[in-house]
$ cat final_0.txt   # compact mmCIF, C-alpha atoms
# COMPACT_ATOMS: atom_id res chain seq x y z
CA ASN A 290 108.56 124.10 51.43
CA ARG A 291 106.42 126.14 49.08
CA LEU A 292 103.22 125.72 51.10
CA ASP A 293 104.98 127.59 53.90
CA GLU A 294 107.46 129.92 52.18
CA TYR A 295 105.23 131.02 49.30
CA THR A 296 102.23 131.96 51.44
CA PRO A 297 101.91 135.34 53.18
CA TRP A 298 100.11 134.17 56.33
CA PRO A 299 98.87 130.87 57.77
CA ALA A 300 95.71 129.35 56.32
CA LYS A 301 93.94 126.03 56.51
CA ALA A 302 94.66 123.42 53.85
CA LEU A 303 92.22 123.17 50.97
CA SER A 304 91.89 119.41 51.39
CA GLU A 305 93.03 116.60 53.64
CA GLN A 306 95.64 115.69 51.00
CA PHE A 307 97.82 118.64 51.99
CA ALA A 308 99.21 120.26 55.11
CA ASP A 309 98.03 123.69 56.21
CA PHE A 310 99.68 126.70 54.61
CA GLY A 311 102.49 127.89 56.90
CA GLY A 312 102.40 131.58 56.04
CA LYS A 313 106.15 132.17 56.18
CA GLY A 314 106.21 134.38 53.10
CA PHE A 315 107.29 137.46 55.04
CA GLY A 316 110.51 135.70 56.08
CA TYR A 317 111.07 134.33 52.59
CA ALA A 318 110.67 137.77 51.02
CA ALA A 319 113.02 139.25 53.63
CA PHE A 320 115.63 136.59 52.86
CA LEU A 321 115.41 137.29 49.12
CA THR A 322 115.71 141.06 49.48
CA ALA A 323 118.02 141.41 52.50
CA GLU A 324 120.34 138.44 52.03
CA LEU A 325 120.20 136.79 48.59
CA LYS A 326 119.93 139.87 46.38
CA PRO A 327 122.71 141.78 48.21
CA TYR A 328 124.93 138.71 47.93
CA ILE A 329 124.29 138.44 44.17
CA ASP A 330 124.90 142.18 43.74
CA ARG A 331 128.25 141.87 45.57
CA ALA A 332 129.37 138.70 43.80
CA TYR A 333 128.34 139.61 40.24
CA ARG A 334 128.28 142.67 38.04
CA THR A 335 124.58 143.51 38.31
CA ASP A 336 122.43 146.55 37.90
CA SER A 337 120.94 146.59 41.38
CA ARG A 338 118.27 149.22 40.70
CA PRO A 339 114.65 148.09 41.25
CA GLN A 340 113.80 148.55 37.57
CA SER A 341 116.52 146.01 36.73
CA THR A 342 115.52 143.52 39.40
CA GLY A 343 112.68 141.08 38.93
CA MET A 344 110.82 138.31 40.67
CA ILE A 345 108.50 136.01 38.78
CA GLY A 346 106.69 132.86 39.72
CA ALA A 347 103.79 130.63 38.82
CA SER A 348 100.91 129.47 41.01
CA LEU A 349 102.00 130.03 44.64
CA GLY A 350 105.19 131.50 43.16
CA GLY A 351 103.06 134.17 41.49
CA LEU A 352 101.34 134.86 44.81
CA ILE A 353 104.61 135.31 46.72
CA SER A 354 106.00 137.49 43.92
CA LEU A 355 103.07 139.88 44.15
CA TYR A 356 103.20 139.83 47.96
CA THR A 357 106.92 140.69 47.82
CA ALA A 358 106.09 143.68 45.59
CA TYR A 359 103.99 145.08 48.43
CA LEU A 360 106.73 144.53 50.98
CA TYR A 361 109.78 145.60 48.95
CA PRO A 362 108.77 147.69 45.92
CA ASN A 363 111.96 149.73 46.19
CA VAL A 364 114.09 146.59 45.90
CA ILE A 365 112.27 144.52 43.28
CA GLY A 366 110.65 146.59 40.58
CA ARG A 367 109.62 143.95 38.04
CA ILE A 368 107.01 141.44 39.19
CA GLY A 369 105.57 138.51 37.28
CA SER A 370 102.57 136.54 38.50
CA ILE A 371 101.91 133.68 36.12
CA SER A 372 98.66 131.99 37.12
CA GLY A 373 99.25 133.41 40.60
CA SER A 374 97.26 131.73 43.36
CA LEU A 375 95.29 134.88 44.03
CA TRP A 376 92.47 132.79 45.42
CA TYR A 377 94.58 132.61 48.61
CA GLU A 378 92.57 133.45 51.71
CA ASP A 379 92.31 137.22 52.27
CA PHE A 380 94.90 138.15 49.62
CA ILE A 381 92.55 140.40 47.66
CA ASP A 382 91.58 142.12 50.93
CA PHE A 383 95.29 142.61 51.64
CA MET A 384 95.78 144.25 48.24
CA GLN A 385 92.80 146.54 48.82
CA THR A 386 93.96 147.75 52.23
CA GLU A 387 97.76 147.83 51.98
CA LYS A 388 99.59 150.76 50.46
CA ILE A 389 102.19 150.09 47.80
CA ASP A 390 104.84 152.38 46.37
CA TYR A 391 104.44 151.70 42.69
CA SER A 392 106.75 154.44 41.38
CA ASP A 393 109.33 151.93 40.06
CA LEU A 394 106.95 148.99 39.71
CA LYS A 395 106.03 147.08 36.56
CA VAL A 396 103.70 144.07 36.91
CA TYR A 397 102.80 141.26 34.53
CA MET A 398 99.82 139.03 35.46
CA ASP A 399 98.11 136.23 33.60
CA VAL A 400 95.51 133.54 34.10
CA GLY A 401 93.86 130.87 32.00
CA SER A 402 90.10 131.21 31.60
CA GLU A 403 89.60 127.63 32.85
CA GLU A 404 91.69 127.94 36.01
CA GLY A 405 89.70 126.99 39.07
CA SER A 406 86.89 125.40 37.06
CA GLY A 407 85.66 122.21 38.68
CA LYS A 408 87.11 123.19 42.07
CA GLN A 409 84.93 123.24 45.17
CA SER A 410 87.43 125.13 47.33
CA ILE A 411 88.32 128.81 47.17
CA GLN A 412 90.48 127.92 44.17
CA LYS A 413 87.28 128.28 42.15
CA ASP A 414 87.82 132.05 42.51
CA MET A 415 91.12 131.99 40.60
CA VAL A 416 89.94 133.90 37.51
CA PRO A 417 87.71 136.51 39.19
CA ASN A 418 90.34 137.18 41.88
CA THR A 419 93.05 137.65 39.27
CA ARG A 420 90.80 140.14 37.50
CA ARG A 421 90.19 141.90 40.85
CA ALA A 422 93.92 142.05 41.58
CA HIS A 423 94.54 143.60 38.18
CA ALA A 424 91.77 146.16 38.79
CA ILE A 425 93.25 147.06 42.18
CA LEU A 426 96.68 147.70 40.66
CA ALA A 427 95.17 149.68 37.80
CA GLY A 428 93.13 151.65 40.34
CA ILE A 429 96.20 152.80 42.26
CA GLY A 430 97.74 154.25 39.12
CA LEU A 431 99.77 151.58 37.37
CA THR A 432 99.32 152.53 33.73
CA GLY A 433 99.11 150.31 30.66
CA ASP A 434 102.84 150.40 30.01
CA ARG A 435 103.54 149.29 33.60
CA LEU A 436 100.72 146.79 34.10
CA ARG A 437 99.88 143.94 31.77
CA PHE A 438 97.09 141.41 32.19
CA VAL A 439 96.64 138.40 29.92
CA GLU A 440 93.70 136.02 30.17
CA GLU A 441 94.15 133.08 27.84
CA GLU A 442 90.92 131.52 26.68
CA GLY A 443 90.51 127.81 27.39
CA MET A 444 93.75 127.39 29.34
CA PRO A 445 93.70 125.49 32.66
CA HIS A 446 96.12 125.78 35.58
CA GLY A 447 99.27 123.80 34.92
CA PRO A 448 102.95 123.72 33.99
CA ALA A 449 102.31 123.74 30.22
CA PHE A 450 100.60 127.13 30.59
CA PHE A 451 103.31 128.47 32.90
CA VAL A 452 106.10 127.49 30.50
CA LYS A 453 104.26 128.95 27.53
CA ARG A 454 103.70 132.36 29.17
CA PHE A 455 107.09 132.75 30.89
CA PRO A 456 109.17 134.04 27.92
CA GLU A 457 106.55 136.64 26.99
CA ALA A 458 106.28 137.78 30.61
CA VAL A 459 110.04 138.27 31.02
CA LYS A 460 110.34 139.98 27.65
CA TRP A 461 107.56 142.42 28.51
CA LEU A 462 108.81 143.09 32.04
CA PHE A 463 112.28 144.06 30.86
CA ALA A 464 111.46 145.70 27.53
CA GLY A 465 113.33 148.97 27.22
CA GLU A 466 115.79 148.22 30.04

$ encode --input "final_0.txt" --output "C-alpha cells"
Amino acid sequence: NRLDEYTPWPAKALSEQFADFGGKGFGYAAFLTAELKPYIDRAYRTDSRPQSTGMIGASLGGLISLYTAYLYPNVIGRIGSISGSLWYEDFIDFMQTEKIDYSDLKVYMDVGSEEGSGKQSIQKDMVPNTRRAHAILAGIGLTGDRLRFVEEEGMPHGPAFFVKRFPEAVKWLFAGE
C-alpha cells in the first residue's frame, strides 16, 4: 500500500478520492535495510557496500527513497528521486532539521517543469519544493559529482517521464563503480 508504506508520517488525504496517508515509511525503510538487503546479500554475490547499493523510485517512491537516505545513509549510498513527491507535508522541514551522513551518499533528483501545475492542493509546490530539496542537499556539502538535479522543461508528472529519466538516473548514480 504505497500511500502508507511510501510516506514518512501520517498526513491527511489530498482529496476525498483517496485515503489518508498512513505514514509507515519508517517501517518500510527498516524492512528494506534490516531484512531484505541482508537476505539479498546472503543469497547472492553482491557488493554490499553503501556505494554499491541503491534505491530509486518515482513519485511517492522518490519520496521514500530520499527519506530512507536520511535514515540509513550507511546502508544505501545511491539514491534516486524521480519526480519525488517532495510536496509531502513537512518533508522539506524534515530535510532542513534532520542531520544526514552524506559521506558515502550520491543523489539524483529530477522534476518536470509542469509538475503540480493546475493542482489546488500542496502538490502545486512540486517544482519549488524539489528545487528546495536540491538546495538543502547542496548546502550540506554534496558536491556536483555526488548530487545531480535535472529539471525538464515542459514535462508533467507521469509514467512517461519516469520511464524516460530512469536509465539516465541509474547510469549516473553508478558511474565509476

$ closest_residue --input "final_0.txt" --among "A:Ala347, A:Ala464, A:Leu360, A:Ile371" --to "Arg435 in chain A" --atoms "only C-alpha atoms"
A:Ala464

$ closest_residue --input "final_0.txt" --among "A:Lys301, A:Arg291, A:His446, A:Lys460" --to "Glu404 in chain A" --atoms "all atoms listed in the file"
A:His446

$ residues_around --input "final_0.txt" --residues "Thr386 in chain A" --least-positions-apart "2" --cutoff "12 Å" --atoms "all atoms listed in the file" --output "list in words"
Tyr359, Asp379, Phe380, Ile381, Asp382, Phe383, Met384, Lys388, Ile389, Ile425, Leu426 and Ile429 of chain A

$ residues_around --input "final_0.txt" --residues "range 335-345 of chain A" --least-positions-apart "5" --cutoff "6 Å" --atoms "all atoms listed in the file" --output "ChimeraX atom specification"
/A:330,354,363-370

$ closest_residue --input "final_0.txt" --among "A:Val452, A:Met398, A:Ala319, A:Ala422" --to "Gly351 in chain A" --atoms "only C-alpha atoms"
A:Met398

$ closest_residue --input "final_0.txt" --among "A:Leu292, A:Val396, A:Ala332, A:Ala300" --to "Gly350 in chain A" --atoms "all atoms listed in the file"
A:Leu292

$ build_atoms --input "final_0.txt" --residues "range 367-378 of chain A" --atoms "all heavy atoms" --output "mmCIF file, in the coordinates of the input"
data_model
loop_
_atom_site.group_PDB
_atom_site.id
_atom_site.type_symbol
_atom_site.label_atom_id
_atom_site.label_comp_id
_atom_site.auth_asym_id
_atom_site.auth_seq_id
_atom_site.Cartn_x
_atom_site.Cartn_y
_atom_site.Cartn_z
ATOM 1 N N ARG A 367 110.271 144.682 39.128
ATOM 2 C CA ARG A 367 109.620 143.950 38.040
ATOM 3 C C ARG A 367 109.031 142.671 38.628
ATOM 4 O O ARG A 367 109.750 141.827 39.141
ATOM 5 C CB ARG A 367 110.605 143.600 36.922
ATOM 6 C CG ARG A 367 111.272 144.801 36.279
ATOM 7 C CD ARG A 367 110.250 145.655 35.558
ATOM 8 N NE ARG A 367 110.817 146.820 34.924
ATOM 9 C CZ ARG A 367 110.779 148.049 35.421
ATOM 10 N NH1 ARG A 367 110.223 148.281 36.596
ATOM 11 N NH2 ARG A 367 111.288 149.051 34.769
ATOM 12 N N ILE A 368 107.705 142.558 38.561
ATOM 13 C CA ILE A 368 107.010 141.440 39.190
ATOM 14 C C ILE A 368 106.204 140.689 38.149
ATOM 15 O O ILE A 368 105.448 141.281 37.383
ATOM 16 C CB ILE A 368 106.056 141.942 40.306
ATOM 17 C CG1 ILE A 368 106.840 142.625 41.424
ATOM 18 C CG2 ILE A 368 105.189 140.805 40.845
ATOM 19 C CD1 ILE A 368 107.761 141.719 42.222
ATOM 20 N N GLY A 369 106.357 139.369 38.155
ATOM 21 C CA GLY A 369 105.570 138.510 37.280
ATOM 22 C C GLY A 369 104.760 137.524 38.100
ATOM 23 O O GLY A 369 105.300 136.831 38.961
ATOM 24 N N SER A 370 103.471 137.488 37.838
ATOM 25 C CA SER A 370 102.570 136.540 38.500
ATOM 26 C C SER A 370 101.876 135.720 37.423
ATOM 27 O O SER A 370 100.876 136.142 36.847
ATOM 28 C CB SER A 370 101.558 137.292 39.373
ATOM 29 O OG SER A 370 100.693 136.379 40.026
ATOM 30 N N ILE A 371 102.446 134.579 37.136
ATOM 31 C CA ILE A 371 101.910 133.680 36.120
ATOM 32 C C ILE A 371 100.938 132.725 36.817
ATOM 33 O O ILE A 371 101.352 131.951 37.680
ATOM 34 C CB ILE A 371 103.035 132.908 35.406
ATOM 35 C CG1 ILE A 371 103.937 133.888 34.661
ATOM 36 C CG2 ILE A 371 102.467 131.851 34.481
ATOM 37 C CD1 ILE A 371 105.150 133.267 34.008
ATOM 38 N N SER A 372 99.686 132.825 36.471
ATOM 39 C CA SER A 372 98.660 131.990 37.120
ATOM 40 C C SER A 372 98.800 132.048 38.641
ATOM 41 O O SER A 372 98.699 131.034 39.333
ATOM 42 C CB SER A 372 98.751 130.543 36.646
ATOM 43 O OG SER A 372 98.437 130.432 35.293
ATOM 44 N N GLY A 373 99.050 133.241 39.161
ATOM 45 C CA GLY A 373 99.250 133.410 40.600
ATOM 46 C C GLY A 373 98.048 132.919 41.399
ATOM 47 O O GLY A 373 96.901 133.123 41.008
ATOM 48 N N SER A 374 98.310 132.285 42.506
ATOM 49 C CA SER A 374 97.260 131.730 43.360
ATOM 50 C C SER A 374 96.555 132.837 44.147
ATOM 51 O O SER A 374 96.573 132.869 45.379
ATOM 52 C CB SER A 374 97.855 130.686 44.310
ATOM 53 O OG SER A 374 98.383 129.610 43.577
ATOM 54 N N LEU A 375 95.925 133.726 43.413
ATOM 55 C CA LEU A 375 95.290 134.880 44.030
ATOM 56 C C LEU A 375 93.948 134.550 44.658
ATOM 57 O O LEU A 375 93.266 135.438 45.174
ATOM 58 C CB LEU A 375 95.186 136.017 43.012
ATOM 59 C CG LEU A 375 96.532 136.424 42.412
ATOM 60 C CD1 LEU A 375 96.362 137.569 41.430
ATOM 61 C CD2 LEU A 375 97.548 136.775 43.479
ATOM 62 N N TRP A 376 93.611 133.289 44.663
ATOM 63 C CA TRP A 376 92.470 132.790 45.420
ATOM 64 C C TRP A 376 92.828 132.704 46.912
ATOM 65 O O TRP A 376 91.949 132.540 47.744
ATOM 66 C CB TRP A 376 92.054 131.387 44.933
ATOM 67 C CG TRP A 376 93.205 130.433 44.831
ATOM 68 C CD1 TRP A 376 93.878 130.076 43.686
ATOM 69 C CD2 TRP A 376 93.850 129.711 45.891
ATOM 70 N NE1 TRP A 376 94.892 129.198 43.984
ATOM 71 C CE2 TRP A 376 94.903 128.954 45.342
ATOM 72 C CE3 TRP A 376 93.640 129.647 47.269
ATOM 73 C CZ2 TRP A 376 95.740 128.135 46.094
ATOM 74 C CZ3 TRP A 376 94.470 128.835 48.027
ATOM 75 C CH2 TRP A 376 95.505 128.082 47.434
ATOM 76 N N TYR A 377 94.119 132.823 47.239
ATOM 77 C CA TYR A 377 94.580 132.610 48.610
ATOM 78 C C TYR A 377 93.781 133.451 49.595
ATOM 79 O O TYR A 377 93.511 134.632 49.353
ATOM 80 C CB TYR A 377 96.079 132.930 48.723
ATOM 81 C CG TYR A 377 96.694 132.404 49.990
ATOM 82 C CD1 TYR A 377 96.985 131.051 50.123
ATOM 83 C CD2 TYR A 377 96.941 133.233 51.063
ATOM 84 C CE1 TYR A 377 97.530 130.550 51.297
ATOM 85 C CE2 TYR A 377 97.479 132.749 52.237
ATOM 86 C CZ TYR A 377 97.767 131.407 52.344
ATOM 87 O OH TYR A 377 98.297 130.914 53.523
ATOM 88 N N GLU A 378 93.432 132.847 50.689
ATOM 89 C CA GLU A 378 92.570 133.450 51.710
ATOM 90 C C GLU A 378 93.017 134.861 52.091
ATOM 91 O O GLU A 378 94.155 135.071 52.510
ATOM 92 C CB GLU A 378 92.588 132.558 52.958
ATOM 93 C CG GLU A 378 91.668 132.991 54.048
ATOM 94 C CD GLU A 378 91.680 132.008 55.219
ATOM 95 O OE1 GLU A 378 91.661 130.788 54.971
ATOM 96 O OE2 GLU A 378 91.703 132.481 56.367
#
